[in-house]
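**Student:** This is protein36.csv (CSV, C-alpha atoms).
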```csv
chain,number,residue,atom,x,y,z
M,8,MET,CA,0.0,0.0,0.0
M,9,GLU,CA,2.8,2.4,0.9
M,10,GLU,CA,4.5,1.5,-2.4
M,11,ASN,CA,1.3,2.6,-4.3
M,12,GLY,CA,1.3,5.9,-2.3
M,13,ASN,CA,4.9,6.7,-3.2
M,14,LYS,CA,4.1,5.8,-6.8
M,15,ASN,CA,1.2,8.3,-6.9
M,16,ILE,CA,3.5,11.0,-5.4
M,17,ASP,CA,6.1,10.3,-8.1
M,18,ASP,CA,3.4,10.5,-10.8
M,19,VAL,CA,2.1,13.8,-9.5
M,20,GLN,CA,5.6,15.3,-9.4
M,21,LYS,CA,6.4,14.2,-12.9
M,22,LEU,CA,3.1,15.5,-14.2
M,23,PHE,CA,3.6,18.9,-12.7
M,24,TYR,CA,7.1,18.9,-14.2
M,25,LEU,CA,5.6,18.3,-17.6
M,26,ILE,CA,2.9,21.0,-17.2
M,27,GLU,CA,5.4,23.6,-16.1
M,28,ARG,CA,7.2,23.0,-19.4
M,29,ASN,CA,4.0,23.1,-21.5
M,30,ARG,CA,4.3,19.5,-22.5
M,31,TYR,CA,0.6,18.9,-22.2
M,32,GLU,CA,0.2,16.1,-24.6
M,33,MET,CA,2.8,14.0,-22.8
M,34,ALA,CA,1.3,14.9,-19.5
M,35,GLU,CA,-2.2,13.9,-20.7
M,36,ASN,CA,-0.9,10.5,-21.9
M,37,MET,CA,0.8,9.9,-18.5
M,38,LEU,CA,-2.2,11.1,-16.6
M,39,GLY,CA,-4.6,8.8,-18.5
M,40,THR,CA,-2.5,5.8,-17.4
M,41,ALA,CA,-2.4,7.0,-13.8
M,42,LEU,CA,-6.1,7.7,-13.6
M,43,ALA,CA,-6.9,4.3,-15.1
M,44,LYS,CA,-5.2,2.7,-12.1
M,45,ASP,CA,-6.5,5.2,-9.5
M,46,PRO,CA,-9.6,7.0,-10.9
M,47,ASP,CA,-10.6,8.4,-7.4
M,48,ASN,CA,-7.3,10.1,-6.8
M,49,LEU,CA,-8.1,13.8,-6.2
M,50,ASP,CA,-4.5,15.0,-6.8
M,51,LEU,CA,-4.6,13.4,-10.3
M,52,GLN,CA,-8.1,14.9,-11.0
M,53,TYR,CA,-6.7,18.3,-9.9
M,54,ILE,CA,-3.8,17.9,-12.4
M,55,SER,CA,-6.4,17.0,-15.1
M,56,ALA,CA,-8.2,20.3,-14.3
M,57,ASN,CA,-4.8,22.1,-14.5
M,58,ILE,CA,-4.1,20.8,-18.0
M,59,ASP,CA,-7.7,21.7,-19.1
M,60,ASN,CA,-7.2,25.2,-17.7
M,61,GLU,CA,-3.8,25.7,-19.4
M,62,THR,CA,-5.1,24.5,-22.7
M,63,GLY,CA,-8.2,26.7,-22.7
M,64,ARG,CA,-10.8,24.0,-21.8
M,65,PHE,CA,-12.3,26.1,-19.0
M,66,TYR,CA,-15.6,24.3,-18.8
M,67,GLU,CA,-14.0,20.9,-18.4
M,68,ALA,CA,-11.7,22.3,-15.8
M,69,GLU,CA,-14.6,23.9,-13.9
M,70,LYS,CA,-16.5,20.6,-13.9
M,71,THR,CA,-13.6,18.6,-12.5
M,72,LEU,CA,-12.7,21.2,-9.9
M,73,LYS,CA,-16.3,21.3,-8.6
M,74,GLN,CA,-16.3,17.5,-8.4
M,75,ILE,CA,-13.1,17.6,-6.3
M,76,LEU,CA,-14.5,20.3,-4.0
M,77,SER,CA,-17.7,18.3,-3.5
M,78,LYS,CA,-15.6,15.5,-2.2
M,79,ASP,CA,-13.1,17.6,-0.3
M,80,PRO,CA,-14.3,21.2,0.4
M,81,ASP,CA,-10.9,21.9,2.1
M,82,TYR,CA,-8.9,21.2,-1.1
M,83,PHE,CA,-7.7,24.8,-1.2
M,84,GLN,CA,-5.6,24.4,-4.4
M,85,ALA,CA,-8.7,23.3,-6.3
M,86,LYS,CA,-10.6,26.3,-4.9
M,87,TYR,CA,-7.8,28.7,-6.0
M,88,LEU,CA,-7.6,27.2,-9.5
M,89,LEU,CA,-11.4,27.4,-9.8
M,90,ALA,CA,-11.2,31.1,-9.0
M,91,GLN,CA,-8.7,31.5,-11.9
M,92,VAL,CA,-11.0,29.5,-14.2
M,93,HIS,CA,-13.9,31.9,-13.3
M,94,LYS,CA,-11.6,34.9,-14.0
M,95,ASP,CA,-10.6,33.5,-17.4
M,96,LYS,CA,-14.3,33.0,-18.2
M,97,ASP,CA,-15.1,36.6,-17.1
M,98,GLU,CA,-17.2,35.3,-14.3
M,99,PHE,CA,-15.9,37.8,-11.8
M,100,PRO,CA,-18.5,37.5,-8.9
M,101,GLN,CA,-17.9,33.8,-8.7
M,102,ALA,CA,-14.1,34.3,-8.7
M,103,GLU,CA,-14.4,37.0,-6.0
M,104,LEU,CA,-16.4,34.8,-3.7
M,105,LEU,CA,-13.8,32.0,-3.9
M,106,LEU,CA,-10.9,34.4,-3.3
M,107,ILE,CA,-12.6,36.0,-0.3
M,108,ASP,CA,-13.0,32.5,1.1
M,109,LEU,CA,-9.4,31.7,0.6
M,110,ILE,CA,-8.3,35.0,2.2
M,111,ARG,CA,-10.5,34.3,5.2
M,112,ASP,CA,-9.0,30.8,5.6
M,113,PHE,CA,-5.4,31.9,4.8
M,114,PRO,CA,-5.1,35.6,5.9
M,115,ARG,CA,-1.3,35.5,5.7
M,116,GLU,CA,-1.0,34.2,2.1
M,117,PRO,CA,0.0,37.1,-0.1
M,118,GLU,CA,-0.7,35.2,-3.4
M,119,TYR,CA,-4.5,35.3,-2.7
M,120,PHE,CA,-4.4,39.1,-2.1
M,121,VAL,CA,-2.5,39.5,-5.4
M,122,SER,CA,-5.0,37.4,-7.3
M,123,TYR,CA,-7.8,39.4,-5.8
M,124,ALA,CA,-6.0,42.6,-6.7
M,125,HIS,CA,-5.7,41.4,-10.4
M,126,LEU,CA,-9.5,40.7,-10.3
M,127,MET,CA,-10.2,44.2,-9.1
M,128,MET,CA,-8.0,45.7,-11.8
M,129,GLN,CA,-10.0,43.7,-14.4
M,130,THR,CA,-13.2,45.2,-13.0
M,131,ILE,CA,-11.6,48.7,-12.9
M,132,ASN,CA,-11.9,48.9,-9.1
M,133,LEU,CA,-8.4,50.4,-8.9
M,134,ASP,CA,-8.5,51.7,-5.3
M,135,LYS,CA,-9.4,48.3,-4.0
M,136,ALA,CA,-6.8,46.7,-6.2
M,137,GLU,CA,-4.2,49.1,-4.8
M,138,ASN,CA,-5.2,48.3,-1.2
M,139,LEU,CA,-5.0,44.6,-1.8
M,140,ALA,CA,-1.6,44.8,-3.4
M,141,ALA,CA,-0.4,46.9,-0.5
M,142,GLU,CA,-1.6,44.2,1.9
M,143,ALA,CA,0.2,41.5,-0.1
M,144,LEU,CA,3.4,43.7,0.1
M,145,ARG,CA,2.9,44.0,3.9
M,146,LEU,CA,2.9,40.2,4.1
M,147,ASP,CA,5.8,39.8,1.7
M,148,PRO,CA,7.7,42.9,0.7
M,149,GLU,CA,9.5,41.1,-2.1
M,150,HIS,CA,6.5,39.3,-3.7
M,151,PRO,CA,7.0,40.0,-7.5
M,152,GLY,CA,3.3,39.8,-8.3
M,153,ALA,CA,2.4,42.3,-5.6
M,154,LEU,CA,5.2,44.7,-6.7
M,155,ILE,CA,4.1,44.6,-10.3
M,156,THR,CA,0.4,45.0,-9.4
M,157,SER,CA,1.1,48.0,-7.2
M,158,ILE,CA,3.0,49.7,-10.0
M,159,LEU,CA,0.3,48.9,-12.6
M,160,CYS,CA,-2.3,50.4,-10.3
M,161,SER,CA,-0.3,53.6,-10.1
M,162,LEU,CA,0.1,53.7,-13.9
M,163,SER,CA,-3.6,52.9,-14.4
M,164,LYS,CA,-4.6,55.8,-12.1
M,165,GLY,CA,-2.3,58.1,-14.0
M,166,ASN,CA,0.1,58.5,-11.1
M,167,LYS,CA,3.3,58.3,-13.2
M,168,VAL,CA,5.6,59.9,-10.6
M,169,LYS,CA,4.5,57.4,-7.9
M,170,ALA,CA,4.9,54.5,-10.4
M,171,LYS,CA,8.3,55.6,-11.3
M,172,ASP,CA,9.4,55.9,-7.7
M,173,GLN,CA,7.9,52.5,-6.9
M,174,PHE,CA,9.7,50.9,-9.8
M,175,ALA,CA,13.1,52.6,-9.0
M,176,GLU,CA,12.7,51.3,-5.4
M,177,MET,CA,11.9,47.8,-6.6
M,178,VAL,CA,14.9,47.6,-8.9
M,179,ARG,CA,17.2,49.0,-6.1
M,180,ASN,CA,16.1,47.0,-3.1
M,181,TYR,CA,14.8,43.5,-4.1
M,182,PRO,CA,17.0,40.6,-5.3
M,183,ASP,CA,14.3,39.3,-7.8
M,184,ALA,CA,13.5,42.8,-9.0
M,185,GLU,CA,15.0,42.4,-12.5
M,186,PHE,CA,12.8,39.4,-13.2
M,187,SER,CA,9.8,41.4,-11.9
M,188,ALA,CA,10.8,44.4,-14.1
M,189,HIS,CA,11.0,42.2,-17.2
M,190,SER,CA,7.5,40.8,-16.4
M,191,LEU,CA,6.1,44.4,-16.0
M,192,TYR,CA,7.9,45.5,-19.2
M,193,ILE,CA,6.2,42.6,-21.1
M,194,ILE,CA,2.8,43.4,-19.6
M,195,LEU,CA,3.1,47.0,-20.7
M,196,LEU,CA,4.2,46.1,-24.2
M,197,GLU,CA,1.3,43.6,-24.6
M,198,ASN,CA,-1.1,46.4,-23.6
M,199,LYS,CA,0.7,48.8,-26.0
M,200,LYS,CA,1.6,51.2,-23.3
M,201,TYR,CA,4.9,52.1,-24.9
M,202,ARG,CA,5.8,55.2,-23.0
M,203,ALA,CA,5.4,53.4,-19.7
M,204,ALA,CA,7.5,50.5,-21.0
M,205,MET,CA,10.1,53.1,-22.1
M,206,ARG,CA,10.4,54.3,-18.5
M,207,ILE,CA,10.9,50.7,-17.3
M,208,ALA,CA,13.6,50.1,-19.9
M,209,GLN,CA,15.4,53.3,-19.0
M,210,GLU,CA,15.4,52.4,-15.3
M,211,LEU,CA,16.8,49.0,-16.1
M,212,LEU,CA,19.5,50.5,-18.2
M,213,ARG,CA,20.3,53.1,-15.5
M,214,ASN,CA,20.9,50.3,-13.1
M,215,ASN,CA,22.8,48.1,-15.6
M,216,PRO,CA,24.5,50.6,-18.0
M,217,ASN,CA,26.6,47.9,-19.7
M,218,ASN,CA,23.7,45.6,-20.6
M,219,LYS,CA,23.4,45.6,-24.4
M,220,GLY,CA,19.9,44.1,-24.2
M,221,TYR,CA,18.5,47.0,-22.1
M,222,LEU,CA,20.2,49.4,-24.5
M,223,GLU,CA,18.4,47.8,-27.5
M,224,MET,CA,15.1,47.9,-25.6
M,225,VAL,CA,15.5,51.7,-25.0
M,226,LYS,CA,16.6,52.3,-28.6
M,227,SER,CA,13.6,50.4,-30.0
M,228,LEU,CA,11.1,52.2,-27.8
M,229,ARG,CA,12.6,55.6,-28.7
M,230,LEU,CA,11.6,54.9,-32.3
M,231,VAL,CA,8.1,53.9,-31.3
M,232,THR,CA,7.6,56.9,-28.9
M,233,HIS,CA,9.3,59.5,-31.1
M,234,PRO,CA,7.2,62.6,-31.9
M,235,ALA,CA,7.5,61.9,-35.6
M,236,VAL,CA,5.3,58.8,-35.2
M,237,LEU,CA,2.7,60.5,-33.0
M,238,PRO,CA,0.0,60.3,-35.7
M,239,LEU,CA,0.5,56.6,-35.7
M,240,TYR,CA,0.0,56.3,-32.0
M,241,PRO,CA,-3.8,55.5,-32.3
M,242,MET,CA,-2.9,52.7,-34.7
M,243,GLN,CA,-0.4,51.3,-32.2
M,244,ARG,CA,-2.9,51.6,-29.4
M,245,TRP,CA,-6.2,50.7,-31.0
M,246,GLY,CA,-5.5,49.6,-34.6
M,247,TRP,CA,-5.6,50.9,-38.2
M,248,HIS,CA,-9.2,52.2,-38.0
M,249,ALA,CA,-8.4,54.5,-35.1
M,250,SER,CA,-5.3,55.9,-36.9
M,251,ALA,CA,-7.4,56.5,-40.1
M,252,VAL,CA,-10.0,58.4,-38.0
M,253,MET,CA,-7.3,60.5,-36.5
M,254,TRP,CA,-5.9,61.4,-40.0
M,255,VAL,CA,-9.4,62.3,-41.3
M,256,LEU,CA,-9.9,64.6,-38.2
M,257,PHE,CA,-6.5,66.1,-38.7
M,258,ILE,CA,-7.3,66.9,-42.4
M,259,ILE,CA,-10.8,68.4,-41.5
M,260,ALA,CA,-9.2,70.5,-38.8
M,261,ALA,CA,-6.5,71.8,-41.3
M,262,ARG,CA,-9.2,72.7,-43.8
M,263,MET,CA,-11.3,74.5,-41.2
M,264,ALA,CA,-8.2,76.4,-40.1
M,265,THR,CA,-7.4,77.4,-43.7
M,266,LYS,CA,-11.0,78.5,-44.3
M,267,TYR,CA,-11.7,80.4,-41.1
M,268,LEU,CA,-8.4,81.6,-39.6
M,269,PRO,CA,-7.3,85.1,-40.7
M,270,GLU,CA,-4.6,85.4,-43.4
M,271,TYR,CA,-1.5,87.3,-42.5
M,272,GLN,CA,-0.1,89.5,-45.3
```
With the file now loaded, output its structure as structure tokens.

**Tutor:**
Amino acid sequence: MEENGNKNIDDVQKLFYLIERNRYEMAENMLGTALAKDPDNLDLQYISANIDNETGRFYEAEKTLKQILSKDPDYFQAKYLLAQVHKDKDEFPQAELLLIDLIRDFPREPEYFVSYAHLMMQTINLDKAENLAAEALRLDPEHPGALITSILCSLSKGNKVKAKDQFAEMVRNYPDAEFSAHSLYIILLENKKYRAAMRIAQELLRNNPNNKGYLEMVKSLRLVTHPAVLPLYPMQRWGWHASAVMWVLFIIAARMATKYLPEYQ
């Protein structure tokens, strides 16, 4: 019996190893064999839900996680993953209830506060998101997710000076700050917030002046944020249609100016 238990632990560890490396097909094949031998194993079922969630099969993941929680309501990993699934499905009230439960049960776990802060950012409740990130930082001042969320809250609220100060402090004081800074930089690029990304790249270069990669990041973003490409900003931010509208408005404004402004002799 003990041998079977050890075998299950080994299987779980190997499966998580495969999932972390995005080797989902291999993980599913191995999981199928393991579940055939032990179909009632909740850890294996949880891994199945993990794979479904990572591969976008949210409804399958939700069904499996609810089955797990019906058998073991204290399986907190399943509850947390179910909250993430609800977030991915834009079911924000359901996700919020689960995260509140987790914070009530684990009031000193910063990860749950960070996840709740992310949810509040998605629902544009920036003050609450900022407070939740601050609580996560109180519990763990070096938590990368909390650091990034706090800076994103400041940027989203238009407080660029505060965000810059927060970022500079993060880079200076925390050992994992460079990784967090890279994550923040990528988030900003994905959201086409090039000027904010530029400030991140400049701060990284300031702290690592010999790093060629950071120098290239700054150079590239200088091209994107240069005043000469200002008319293209709507295209970068919202697509070709927005840029076309801006150009049409610019042409109309120029014609109006030509027609109605006085001529100087």

**Student:** So which one's closest to Ala143 of chain M, M:Gly165, M:Pro80, M:Pro46, M:Pro114? Using all atoms listed in the file, please.

**Tutor:** M:Pro114

**Student:** As a list in words, please: the residues near Lys21 of chain M (cut-off 12 Å, only C-alpha atoms, same-chain neighbours under 6 positions excluded).

**Tutor:**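 Neighbouring residues, sequence-local ones excluded: Lys14, Asn15, Glu27, Arg28, Arg30, Tyr31, Met33, Ala34, Glu35, Met37, Leu38, Ala41, Leu51 and Ile54 of chain M.
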
**Student:** What does the distance between atom CA of Gln173 of chain M and atom CA of Leu154 of chain M come to in Å, to one decimal place?

**Tutor:**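 We find that atom CA of Gln173 of chain M and atom CA of Leu154 of chain M lie 8.3 Å from each other.
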
**Student:** Could you please determine the separation between atom CA of Phe83 of chain M and atom CA of Leu109 of chain M in Å, to one decimal place?

**Tutor:**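 Computed distance, atom CA of Phe83 of chain M to atom CA of Leu109 of chain M, equals 7.3 Å.
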
**Student:** Under the rule that all atoms listed in the file are counted, which of M:Thr71, M:Leu22, M:Asn215, M:Ser122 is the nearest residue to Tyr87 of chain M?

**Tutor:**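 For Tyr87 of chain M, the nearest of the given residues is M:Ser122.
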
**Student:** Which of these, M:Asp97, M:Tyr192, M:Lys200, M:Thr156, has the shortest distance to Met224 of chain M once you count all atoms listed in the file?

**Tutor:**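 Between M:Asp97, M:Tyr192, M:Lys200, M:Thr156, the residue approaching Met224 of chain M most closely is M:Tyr192.
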
**Student:** What is the distance, in Å and to one decimal place, between atom CA of Leu228 of chain M and atom CA of Ala136 of chain M?

**Tutor:** 28.6 Å

**Student:** So which residues touch Asp47 of chain M within 12 Å, counting only C-alpha atoms, skipping near sequence neighbours fewer than 2 positions away, as a PDB file with C-alpha atoms, keeping the file's coordinate frame?

**Tutor:**
```pdb
ATOM      1  CA  ASN M  15       1.200   8.300  -6.900  1.00  0.00           C
ATOM      2  CA  ALA M  41      -2.400   7.000 -13.800  1.00  0.00           C
ATOM      3  CA  LEU M  42      -6.100   7.700 -13.600  1.00  0.00           C
ATOM      4  CA  ALA M  43      -6.900   4.300 -15.100  1.00  0.00           C
ATOM      5  CA  LYS M  44      -5.200   2.700 -12.100  1.00  0.00           C
ATOM      6  CA  ASP M  45      -6.500   5.200  -9.500  1.00  0.00           C
ATOM      7  CA  LEU M  49      -8.100  13.800  -6.200  1.00  0.00           C
ATOM      8  CA  ASP M  50      -4.500  15.000  -6.800  1.00  0.00           C
ATOM      9  CA  LEU M  51      -4.600  13.400 -10.300  1.00  0.00           C
ATOM     10  CA  GLN M  52      -8.100  14.900 -11.000  1.00  0.00           C
ATOM     11  CA  TYR M  53      -6.700  18.300  -9.900  1.00  0.00           C
ATOM     12  CA  THR M  71     -13.600  18.600 -12.500  1.00  0.00           C
ATOM     13  CA  GLN M  74     -16.300  17.500  -8.400  1.00  0.00           C
ATOM     14  CA  ILE M  75     -13.100  17.600  -6.300  1.00  0.00           C
ATOM     15  CA  LYS M  78     -15.600  15.500  -2.200  1.00  0.00           C
ATOM     16  CA  ASP M  79     -13.100  17.600  -0.300  1.00  0.00           C
TER      17      ASP M  79
END
```

**Student:** Which is closer to Met205 of chain M than all the others in M:Ala188, M:Val19, M:Ala90, M:Ile110, using all atoms listed in the file?

**Tutor:** M:Ala188

**Student:** Write out as a tab-separated table (two decimals) with C-alpha atoms, in the frame of the given file the residues lying within 9 Å of Lys73 of chain M, counting all atoms listed in the file and excluding same-chain residues fewer than 6 positions away.

**Tutor:**
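Written file, selection-v9.tsv:
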```tsv
chain	number	residue	atom	x	y	z
M	85	ALA	CA	-8.70	23.30	-6.30
M	86	LYS	CA	-10.60	26.30	-4.90
M	89	LEU	CA	-11.40	27.40	-9.80
```
